[in-house]
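Quick look at protein31.cif (mmCIF, C-alpha atoms and all ligand atoms):
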data_query
loop_
_atom_site.label_atom_id
_atom_site.label_comp_id
_atom_site.auth_asym_id
_atom_site.auth_seq_id
_atom_site.Cartn_x
_atom_site.Cartn_y
_atom_site.Cartn_z
CA MET A 225 -219.79 61.58 64.70
CA SER A 226 -218.16 60.14 61.66
CA LYS A 227 -219.65 59.59 58.22
CA LYS A 228 -222.48 57.05 58.23
CA GLU A 229 -221.62 53.83 56.44
CA ASN A 230 -224.08 52.59 53.84
CA ARG A 231 -223.18 49.02 52.95
CA TYR A 232 -226.08 48.89 50.49
CA LYS A 233 -225.36 52.06 48.52
CA ASP A 234 -224.94 50.18 45.25
CA TYR A 235 -228.44 48.75 45.55
CA GLY A 236 -231.84 50.27 44.79
CA VAL A 237 -233.82 52.38 47.20
CA ALA A 238 -236.25 49.64 48.32
CA THR A 239 -233.32 47.37 49.18
CA GLN A 240 -231.64 50.18 51.13
CA ALA A 241 -234.85 50.99 53.01
CA ILE A 242 -235.05 47.37 54.14
CA HIS A 243 -231.41 46.70 54.93
CA THR A 244 -229.65 49.87 56.11
CA GLY A 245 -229.46 50.40 59.86
CA THR A 246 -230.66 46.89 60.52
CA ASP A 247 -228.79 43.74 61.51
CA TYR A 248 -229.13 40.64 63.64
CA ASP A 249 -229.35 41.24 67.37
CA GLU A 250 -225.96 40.01 68.59
CA GLU A 251 -227.22 38.76 71.93
CA THR A 252 -230.15 36.65 70.75
CA GLY A 253 -229.76 36.26 67.00
CA ALA A 254 -233.17 37.90 66.51
CA VAL A 255 -233.61 39.13 62.93
CA ARG A 256 -234.64 42.54 64.27
CA ARG A 257 -232.60 44.84 66.45
CA PRO A 258 -234.29 45.45 69.81
CA LEU A 259 -236.00 48.51 71.21
CA HIS A 260 -233.73 49.94 73.90
CA MET A 261 -235.98 51.78 76.34
CA ALA A 262 -233.19 52.95 78.61
CA ASN A 263 -232.31 56.53 79.44
CA SER A 264 -228.86 55.71 80.81
CA PHE A 265 -226.03 53.36 79.89
CA LYS A 266 -223.27 51.76 81.94
CA LEU A 267 -220.23 54.02 82.13
CA PRO A 268 -216.67 52.83 81.45
CA ASP A 269 -214.61 52.11 84.57
CA ASP A 270 -212.16 54.87 83.71
CA LEU A 271 -214.07 58.17 83.60
CA SER A 272 -211.08 60.29 82.62
CA GLN A 273 -211.85 59.82 78.92
CA VAL A 274 -215.58 60.55 79.13
CA ASN A 275 -216.86 63.66 77.35
CA TYR A 276 -220.31 64.32 78.80
CA SER A 277 -221.41 66.29 75.72
CA SER A 278 -220.45 63.49 73.35
CA THR A 279 -223.11 62.01 71.11
CA ASP A 280 -220.94 59.01 70.17
CA LEU A 281 -220.59 57.35 73.54
CA LEU A 282 -223.82 55.69 74.68
CA MET A 283 -224.14 57.29 78.09
CA TYR A 284 -227.44 59.13 78.42
CA SER A 285 -230.38 58.91 76.01
CA ARG A 286 -230.50 62.66 75.29
CA ASN A 287 -226.95 62.42 73.93
CA GLY A 288 -228.02 59.62 71.63
CA ASN A 289 -229.59 56.20 71.81
CA PRO A 290 -229.20 53.06 69.69
CA ASN A 291 -232.65 53.22 68.05
CA GLN A 292 -232.00 56.83 67.05
CA HIS A 293 -228.58 55.94 65.61
CA TRP A 294 -229.94 53.04 63.52
CA LEU A 295 -232.69 55.24 62.11
CA GLU A 296 -230.10 57.92 61.31
CA GLU A 297 -228.19 55.41 59.18
CA LYS A 298 -231.30 54.68 57.16
CA ILE A 299 -232.36 58.31 56.68
CA ALA A 300 -228.84 59.25 55.54
CA ALA A 301 -228.94 56.33 53.07
CA LEU A 302 -232.32 57.40 51.64
CA HIS A 303 -230.77 60.77 50.75
CA GLY A 304 -227.42 59.33 49.66
CA ALA A 305 -225.93 61.55 52.39
CA ASP A 306 -223.00 61.22 54.79
CA ASP A 307 -224.99 62.03 57.91
CA ALA A 308 -228.46 62.47 59.39
CA ILE A 309 -229.66 63.60 62.82
CA VAL A 310 -233.02 62.31 64.00
CA LEU A 311 -234.91 64.46 66.51
CA ALA A 312 -238.30 64.53 68.25
CA SER A 313 -240.33 66.10 65.41
CA GLY A 314 -240.00 67.85 62.08
CA VAL A 315 -240.29 71.19 63.86
CA ALA A 316 -237.61 70.16 66.38
CA ALA A 317 -235.33 69.43 63.39
CA LEU A 318 -236.10 72.81 61.77
CA HIS A 319 -235.52 74.60 65.07
CA ALA A 320 -232.27 72.73 65.77
CA LEU A 321 -230.92 73.77 62.37
CA PHE A 322 -231.96 77.44 62.67
CA TRP A 323 -230.86 77.67 66.32
CA THR A 324 -227.40 76.35 65.48
CA LEU A 325 -226.80 78.36 62.30
CA LEU A 326 -228.25 81.76 63.22
CA LYS A 327 -227.10 84.38 65.70
CA THR A 328 -227.97 88.02 66.43
CA GLY A 329 -227.38 90.23 63.40
CA ASP A 330 -227.49 87.38 60.86
CA LYS A 331 -230.02 87.51 58.08
CA VAL A 332 -232.26 84.60 57.04
CA ILE A 333 -234.46 84.57 53.94
CA TYR A 334 -237.56 82.42 54.32
CA PRO A 335 -240.50 81.63 52.03
CA LYS A 336 -243.74 83.54 51.85
CA VAL A 337 -245.55 80.19 51.94
CA SER A 338 -244.13 77.64 54.35
CA TYR A 339 -244.99 75.29 57.18
CA MET A 340 -246.75 77.26 59.93
CA ALA A 341 -244.01 76.78 62.57
CA VAL A 342 -241.37 78.16 60.16
CA TYR A 343 -243.55 81.21 59.62
CA ARG A 344 -243.94 81.64 63.41
CA MET A 345 -240.22 81.18 64.11
CA PHE A 346 -239.19 83.81 61.58
CA HIS A 347 -242.21 86.12 61.61
CA GLU A 348 -242.33 86.55 65.38
CA LEU A 349 -239.74 84.59 67.40
CA PHE A 350 -236.16 84.63 66.03
CA ASN A 351 -236.48 88.30 65.03
CA ARG A 352 -238.04 89.62 68.24
CA LYS A 353 -236.24 87.40 70.74
CA PHE A 354 -232.78 87.12 69.22
CA GLY A 355 -232.41 90.03 66.79
CA VAL A 356 -232.12 87.86 63.69
CA ASP A 357 -233.00 89.79 60.53
CA THR A 358 -235.75 87.64 59.01
CA VAL A 359 -236.85 88.47 55.48
CA MET A 360 -239.87 86.85 53.84
CA VAL A 361 -239.61 86.35 50.06
CA ASP A 362 -241.69 84.67 47.36
CA MET A 363 -239.26 81.88 46.42
CA THR A 364 -240.89 81.32 43.05
CA ASP A 365 -239.67 84.83 42.11
CA LEU A 366 -235.90 84.45 41.68
CA ASP A 367 -235.41 88.19 41.08
CA ALA A 368 -236.98 88.90 44.46
CA VAL A 369 -234.54 86.42 46.07
CA LYS A 370 -231.60 88.14 44.31
CA LYS A 371 -232.81 91.52 45.56
CA ALA A 372 -233.24 90.35 49.14
CA ILE A 373 -229.88 88.61 49.53
CA THR A 374 -226.95 90.59 51.02
CA PRO A 375 -223.47 89.69 52.34
CA GLY A 376 -224.95 89.30 55.85
CA THR A 377 -227.31 86.57 54.71
CA ARG A 378 -226.42 83.37 56.53
CA LEU A 379 -229.22 81.11 55.36
CA VAL A 380 -231.86 80.78 52.64
CA HIS A 381 -234.55 78.34 53.73
CA ILE A 382 -236.97 76.91 51.17
CA GLU A 383 -239.75 74.36 51.09
CA THR A 384 -240.62 72.53 47.89
CA PRO A 385 -243.34 71.66 47.18
CA ASP A 386 -244.61 74.03 49.84
CA ASN A 387 -247.17 73.44 52.54
CA PRO A 388 -250.02 74.17 51.92
CA THR A 389 -250.12 75.51 48.34
CA ASN A 390 -248.01 72.67 46.86
CA ARG A 391 -246.05 75.00 44.57
CA VAL A 392 -242.50 74.23 43.46
CA THR A 393 -239.29 76.20 44.07
CA ASP A 394 -236.20 75.81 41.86
CA ILE A 395 -233.62 74.31 44.26
CA GLU A 396 -230.64 74.61 41.90
CA ALA A 397 -231.37 78.27 41.09
CA ILE A 398 -231.77 79.18 44.78
CA VAL A 399 -228.52 77.35 45.64
CA LYS A 400 -226.68 79.32 42.94
CA ILE A 401 -227.92 82.69 44.21
CA ALA A 402 -227.24 81.76 47.86
CA HIS A 403 -223.76 80.30 47.34
CA GLU A 404 -222.65 83.25 45.18
CA ASN A 405 -223.51 85.43 48.17
CA GLY A 406 -221.92 83.22 50.84
CA ALA A 407 -225.22 81.93 52.23
CA LEU A 408 -226.21 78.37 53.07
CA VAL A 409 -229.37 76.67 51.78
CA SER A 410 -231.77 74.43 53.68
CA VAL A 411 -234.66 72.62 52.02
CA ASP A 412 -237.77 71.27 53.75
CA ASN A 413 -238.32 68.13 51.69
CA THR A 414 -241.33 66.75 53.60
CA PHE A 415 -243.89 67.02 50.77
CA ALA A 416 -241.64 65.39 48.18
CA SER A 417 -239.98 62.77 50.45
CA PRO A 418 -236.56 61.31 49.59
CA LEU A 419 -237.98 58.87 47.03
CA ASN A 420 -239.03 61.81 44.85
CA GLN A 421 -236.46 64.49 45.59
CA LYS A 422 -232.90 64.64 46.94
CA PRO A 423 -231.98 68.33 47.37
CA LEU A 424 -228.32 67.58 48.24
CA LYS A 425 -227.91 66.53 44.57
CA PHE A 426 -228.73 70.10 43.57
CA GLY A 427 -226.20 71.59 45.96
CA ALA A 428 -228.40 72.24 49.02
CA ASP A 429 -226.43 72.25 52.28
CA PHE A 430 -229.13 70.85 54.57
CA VAL A 431 -232.35 68.93 54.11
CA VAL A 432 -235.12 68.65 56.69
CA GLU A 433 -237.72 65.89 56.69
CA SER A 434 -240.71 65.50 58.98
CA LEU A 435 -240.48 61.73 59.57
CA THR A 436 -244.01 61.95 60.99
CA LYS A 437 -245.29 62.06 57.42
CA PHE A 438 -244.46 59.74 54.49
CA ILE A 439 -241.34 58.10 55.95
CA ASN A 440 -243.09 56.70 59.02
CA GLY A 441 -246.30 56.60 57.08
CA HIS A 442 -248.61 55.03 59.66
CA GLY A 443 -249.84 58.03 61.65
CA ASP A 444 -248.53 56.66 64.94
CA ALA A 445 -245.25 58.43 65.69
CA GLN A 446 -243.61 61.83 65.48
CA GLY A 447 -240.04 62.53 64.40
CA GLY A 448 -237.87 64.76 62.24
CA ALA A 449 -234.45 64.66 60.58
CA ILE A 450 -231.69 66.94 59.36
CA ILE A 451 -229.63 65.47 56.53
CA SER A 452 -226.28 66.83 55.30
CA ASN A 453 -222.74 66.09 54.14
CA ASP A 454 -221.36 68.89 56.32
CA LEU A 455 -220.15 66.71 59.21
CA GLU A 456 -218.71 69.59 61.21
CA THR A 457 -221.96 71.55 61.30
CA MET A 458 -223.91 68.37 61.97
CA ASP A 459 -221.84 67.80 65.10
CA ARG A 460 -222.47 71.39 66.16
CA ILE A 461 -226.21 70.75 65.76
CA ARG A 462 -225.89 67.67 67.96
CA TYR A 463 -224.03 69.64 70.62
CA GLU A 464 -225.97 72.92 70.52
CA ALA A 465 -229.48 71.65 69.88
CA GLN A 466 -229.78 67.96 70.73
CA VAL A 467 -227.62 67.65 73.86
CA ASN A 468 -227.98 71.15 75.23
CA VAL A 469 -231.53 72.06 74.19
CA GLY A 470 -232.87 68.53 74.38
CA SER A 471 -234.94 67.75 71.30
CA VAL A 472 -233.81 64.11 71.04
CA ILE A 473 -236.30 61.51 69.82
CA SER A 474 -237.61 58.85 72.20
CA PRO A 475 -236.22 55.37 71.42
CA PHE A 476 -239.78 54.08 71.02
CA ASN A 477 -240.67 56.64 68.35
CA ALA A 478 -237.35 55.98 66.57
CA TRP A 479 -238.14 52.25 66.62
CA GLN A 480 -241.63 52.82 65.22
CA ILE A 481 -240.39 55.13 62.46
CA PHE A 482 -237.64 52.65 61.62
CA ARG A 483 -240.31 49.98 61.20
CA GLY A 484 -242.55 52.24 59.11
CA SER A 485 -239.64 53.33 56.90
CA VAL A 486 -238.96 49.76 55.74
CA THR A 487 -241.94 49.98 53.37
CA PHE A 488 -241.52 53.69 52.60
CA PRO A 489 -240.40 53.32 48.93
CA LEU A 490 -243.16 50.82 48.17
CA ARG A 491 -245.84 53.00 49.79
CA MET A 492 -244.54 56.18 48.19
CA ARG A 493 -244.60 54.68 44.69
CA GLN A 494 -248.26 53.74 45.14
CA ILE A 495 -249.05 57.17 46.62
CA ASN A 496 -247.36 58.86 43.62
CA THR A 497 -249.46 56.84 41.17
CA SER A 498 -252.74 57.27 43.04
CA SER A 499 -252.15 61.02 43.51
CA GLN A 500 -251.53 61.53 39.80
CA GLU A 501 -254.75 59.69 38.96
CA ILE A 502 -256.81 61.58 41.55
CA ALA A 503 -255.34 64.98 40.56
CA GLU A 504 -256.26 64.28 36.92
CA TRP A 505 -259.79 63.32 37.97
CA LEU A 506 -260.20 66.45 40.11
CA GLU A 507 -259.04 68.62 37.23
CA GLN A 508 -261.94 67.29 35.11
CA ARG A 509 -264.56 67.52 37.86
CA ASP A 510 -267.15 70.32 37.66
CA ASN A 511 -267.09 72.84 40.51
CA VAL A 512 -263.41 72.21 41.27
CA THR A 513 -261.88 75.69 40.91
CA PHE A 514 -258.19 74.75 40.72
CA VAL A 515 -255.86 71.78 41.29
CA SER A 516 -252.29 72.38 42.43
CA TYR A 517 -250.27 69.21 41.80
CA PRO A 518 -246.83 69.36 40.12
CA GLY A 519 -247.49 66.14 38.18
CA LEU A 520 -250.25 67.75 36.12
CA LYS A 521 -249.17 68.81 32.62
CA SER A 522 -251.24 71.97 33.11
CA ASN A 523 -249.22 72.92 36.22
CA ALA A 524 -247.10 76.05 35.71
CA SER A 525 -244.12 74.31 37.39
CA HIS A 526 -244.49 70.92 35.70
CA ALA A 527 -241.26 71.23 33.69
CA LEU A 528 -239.27 72.41 36.71
CA ALA A 529 -240.80 69.70 38.91
CA SER A 530 -239.88 67.08 36.31
CA ARG A 531 -236.26 68.27 36.41
CA GLN A 532 -235.80 68.14 40.16
CA MET A 533 -238.25 65.41 41.17
CA GLU A 534 -237.74 61.74 40.33
CA ASN A 535 -240.14 58.79 40.55
CA GLY A 536 -243.22 60.95 41.05
CA TYR A 537 -244.70 64.19 42.31
CA GLY A 538 -245.70 63.33 45.85
CA GLY A 539 -248.83 62.59 47.80
CA VAL A 540 -250.40 65.97 48.48
CA ILE A 541 -252.97 67.60 46.22
CA SER A 542 -254.06 71.16 46.98
CA PHE A 543 -257.34 72.07 45.34
CA GLY A 544 -260.28 74.42 45.53
CA ILE A 545 -264.03 73.89 45.34
CA GLU A 546 -266.88 76.26 44.59
CA ALA A 547 -267.86 76.65 48.25
CA ASP A 548 -267.59 78.92 51.30
CA ASP A 549 -265.87 77.89 54.55
CA LYS A 550 -268.99 76.25 56.04
CA ALA A 551 -269.70 74.24 52.88
CA VAL A 552 -266.06 73.11 52.74
CA GLU A 553 -266.42 71.80 56.30
CA ARG A 554 -269.60 69.95 55.32
CA PHE A 555 -267.76 68.44 52.33
CA CYS A 556 -264.91 67.21 54.56
CA ALA A 557 -267.33 65.84 57.14
CA ALA A 558 -269.29 63.96 54.43
CA LEU A 559 -266.28 61.87 53.37
CA LYS A 560 -266.42 58.20 54.38
CA VAL A 561 -263.09 56.81 53.17
CA VAL A 562 -260.99 59.94 53.61
CA THR A 563 -260.35 61.06 57.21
CA PHE A 564 -261.03 64.67 58.24
CA ALA A 565 -257.79 65.43 60.15
CA VAL A 566 -254.55 67.40 59.98
CA SER A 567 -251.20 65.83 59.05
CA LEU A 568 -250.27 64.04 55.82
CA GLY A 569 -248.38 61.06 54.47
CA HIS A 570 -250.32 58.42 56.39
CA ASP A 571 -251.58 55.05 55.12
CA GLU A 572 -255.08 56.58 55.24
CA SER A 573 -256.07 59.61 53.15
CA LEU A 574 -256.37 62.83 55.15
CA ILE A 575 -258.17 66.05 54.30
CA PHE A 576 -257.88 69.48 55.89
CA PRO A 577 -259.54 72.75 54.85
CA GLN A 578 -257.56 76.00 54.63
CA PRO A 579 -260.28 78.48 55.55
CA SER A 580 -260.55 82.04 54.29
CA TYR A 581 -260.05 83.36 57.87
CA ASP A 582 -256.53 81.78 58.02
CA GLU A 583 -254.20 84.57 59.23
CA ARG A 584 -251.89 83.96 56.25
CA ILE A 585 -254.55 83.87 53.54
CA ASP A 586 -253.25 87.09 51.96
CA LEU A 587 -249.85 85.45 51.43
CA TYR A 588 -251.39 82.86 49.08
CA PRO A 589 -252.09 83.47 45.40
CA GLU A 590 -255.62 84.75 44.72
CA GLU A 591 -257.14 81.40 43.63
CA PHE A 592 -256.20 79.80 46.98
CA ARG A 593 -258.26 82.24 49.02
CA LYS A 594 -261.65 80.56 48.66
CA GLY A 595 -262.69 76.92 49.07
CA PHE A 596 -259.05 75.80 49.49
CA ILE A 597 -258.41 72.24 50.69
CA ARG A 598 -255.20 70.29 51.36
CA PHE A 599 -255.59 66.62 50.55
CA SER A 600 -253.07 63.91 51.47
CA VAL A 601 -253.57 60.82 49.33
CA GLY A 602 -253.38 57.51 51.19
CA LEU A 603 -253.11 53.87 50.23
CA GLU A 604 -256.81 53.08 49.78
CA GLU A 605 -257.85 52.00 46.26
CA PRO A 606 -257.71 55.19 44.16
CA GLU A 607 -261.16 54.48 42.69
CA ASP A 608 -262.61 54.33 46.23
CA ILE A 609 -261.02 57.69 47.04
CA ILE A 610 -262.37 59.22 43.82
CA ALA A 611 -265.88 57.88 44.45
CA ASP A 612 -265.73 59.23 48.00
CA LEU A 613 -264.69 62.73 46.87
CA ASP A 614 -267.44 62.64 44.25
CA GLN A 615 -270.22 61.62 46.68
CA ALA A 616 -269.12 64.25 49.24
CA LEU A 617 -269.14 66.97 46.57
CA LYS A 618 -272.65 65.86 45.57
CA THR A 619 -273.71 65.94 49.25
CA ILE A 620 -273.04 69.68 49.33
CA GLY A 621 -274.76 70.20 45.98
CA LEU A 622 -271.68 70.32 43.71
C1 LIG B 1 -245.56 68.43 59.11
C2 LIG B 1 -244.54 69.29 58.52
C3 LIG B 1 -243.48 69.78 59.31
C4 LIG B 1 -243.40 69.54 60.79
O1 LIG B 1 -243.24 68.22 61.16
P1 LIG B 1 -243.71 67.67 62.59
O2 LIG B 1 -243.19 66.29 62.60
O3 LIG B 1 -245.19 67.79 62.63
O4 LIG B 1 -243.09 68.55 63.63
C5 LIG B 1 -242.52 70.55 58.70
N1 LIG B 1 -242.58 70.85 57.38
C6 LIG B 1 -243.58 70.41 56.61
C7 LIG B 1 -243.57 70.77 55.17
C8 LIG B 1 -244.59 69.62 57.14
O5 LIG B 1 -245.60 69.20 56.35
#
For this file, produce the structure as structure tokens.
Ligand SMILES: *Cc1c(COP(=O)(O)O)cnc(C)c1O
Amino acid sequence: MSKKENRYKDYGVATQAIHTGTDYDEETGAVRRPLHMANSFKLPDDLSQVNYSSTDLLMYSRNGNPNQHWLEEKIAALHGADDAIVLASGVAALHALFWTLLKTGDKVIYPKVSYMAVYRMFHELFNRKFGVDTVMVDMTDLDAVKKAITPGTRLVHIETPDNPTNRVTDIEAIVKIAHENGALVSVDNTFASPLNQKPLKFGADFVVESLTKFINGHGDAQGGAIISNDLETMDRIRYEAQVNVGSVISPFNAWQIFRGSVTFPLRMRQINTSSQEIAEWLEQRDNVTFVSYPGLKSNASHALASRQMENGYGGVISFGIEADDKAVERFCAALKVVTFAVSLGHDESLIFPQPSYDERIDLYPEEFRKGFIRFSVGLEEPEDIIADLDQALKTIGL
């Protein structure tokens, strides 16, 4: 594929989110492009020029489909990038990247705290199945990263802020260490979203977004994206992972995410503001043991977060309450405005406990090991969310 054109690159982000990847439908003049629910496309009369692994020619939906391509234009634009690949889920995007870049004998450095599927891929799958040397490191400790990196290191993967502890990693510093040692850097940007953080600006080679979260924003579709300026590797990812492993997104999900993404900047700005207000309230509330939100002045990474994040600090607040696992469940169940469910970045607020029996609990800092809750702030009135948290805390006697 060639570089994605962004005709709106001189405009602001809200304008780009509305106008990139969209156009009139040529056939009908409709102001929205259609949903193409087809898995196959008419072939040219002369087959001698057809490359059946191509992702440019519309031929078979797994090789690429129009709704996927239009969404790719928009995701690339949101990151100011030359290219984006949209796949079936955030995990499909992470896998496609790792699968393409890593081979037997390569080393990958991955974070001590990361999305569960990344932990599983590197803690038990890529190492045991394919002989990849997978090394877990605390990415907030740059000396530990320097110690772990060797000439055989192919990739350093980071997540910032991380899921679920919401702590910040220094992208620029990691890029420097990795590039000096000939390694590539990928950044899972899902918690920050492209409104708040653009890792390519700090020299990262690849960015991954779970589109399921803030970018779609309505809790009704799953998708993921890889974003990069490295067009050659992006085409390898298309060939090795999309066409020949098969993680392409369905046209319907691409269409839904495209629709959700139109209001992404507007929603994210509100979520940033509400999250800051709620984090500040939680910090003052009795019986709240800690609040991990990079926008708080008291946060150890506030200065770093302010350097690499723009517009705001995201929509996830990780916090602790003075309660055991059972009481935390009762607290979550007592909420009336906030929904007790996994996932994040929806229009509605979502809450999910991180219980002390979690298999990774020992990998988290001490304060996160009791009464730990991950909270995704939605678009309800912030004062309604605060009142709801307050009444549910009172319900369990806090
Ligand atoms: C949700 C999430 C993913 C995975 O995305 P899916 O769309 O659920 O596959 C990856 N990374 C982070 C940080 C996430 O929060």
Per residue of region 520-577 of chain A within 12 Å of region 446-450 of chain A, which atom pair is closest and at what distance in Å (one decimal), using only C-alpha atoms, listed by chain and increasing number, as a tab-separated table?
residue	atom	partner	partner_atom	distance
A:Ser567	CA	A:Gln446	CA	10.7
A:Leu568	CA	A:Gln446	CA	11.9
A:His570	CA	A:Gln446	CA	11.8
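Protein and nucleic acid residues near (-232.4, 75.6, 65.3) are Val315, Ala316, Ala317, Leu318, His319, Ala320, Leu321, Phe322, Trp323, Thr324, Leu325, Leu326, Met345, Phe350, Ile461, Glu464, Ala465, Gln466 and Val469 of chain A, the criterion being any atom at most 10 Å away using all atoms listed in the file.
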Checklist entry - Which residues sit within 9 Å of ligand LIG 1 (chain B), counting only C-alpha atoms and all ligand atoms, listed as a ChimeraX atom specification? => result /A:312-318,338-342,383-388,412-415,432-437,445-448,567-569
Please, which residues are within 10 Å of (-222.0, 55.3, 54.5) by the file's coordinates, counting only C-alpha atoms, and could they come as a CSV table (one decimal) with C-alpha atoms, keeping the file's coordinate frame?
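File out-v6.csv, as written:
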chain,number,residue,atom,x,y,z
A,226,SER,CA,-218.2,60.1,61.7
A,227,LYS,CA,-219.6,59.6,58.2
A,228,LYS,CA,-222.5,57.0,58.2
A,229,GLU,CA,-221.6,53.8,56.4
A,230,ASN,CA,-224.1,52.6,53.8
A,231,ARG,CA,-223.2,49.0,53.0
A,232,TYR,CA,-226.1,48.9,50.5
A,233,LYS,CA,-225.4,52.1,48.5
A,244,THR,CA,-229.6,49.9,56.1
A,297,GLU,CA,-228.2,55.4,59.2
A,298,LYS,CA,-231.3,54.7,57.2
A,300,ALA,CA,-228.8,59.2,55.5
A,301,ALA,CA,-228.9,56.3,53.1
A,304,GLY,CA,-227.4,59.3,49.7
A,305,ALA,CA,-225.9,61.6,52.4
A,306,ASP,CA,-223.0,61.2,54.8
A,307,ASP,CA,-225.0,62.0,57.9
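Restricting the calculation to only C-alpha atoms, the smallest distance between Asn496 (chain A) and any of A:Val566, A:Ile451, A:Val601, A:Leu281 is found for A:Val601.
The interatomic distance for the pair CA of Thr619 (chain A) and CA of Leu506 (chain A) works out to 16.3 Å.
CA of Asn291 (chain A) lies 12.4 Å from CA of Asp249 (chain A).
Among A:Phe426, A:Phe543, A:Phe564, A:Phe555, the residue with the shortest atom-to-atom distance to Phe596 (chain A), counting only C-alpha atoms, is A:Phe543.
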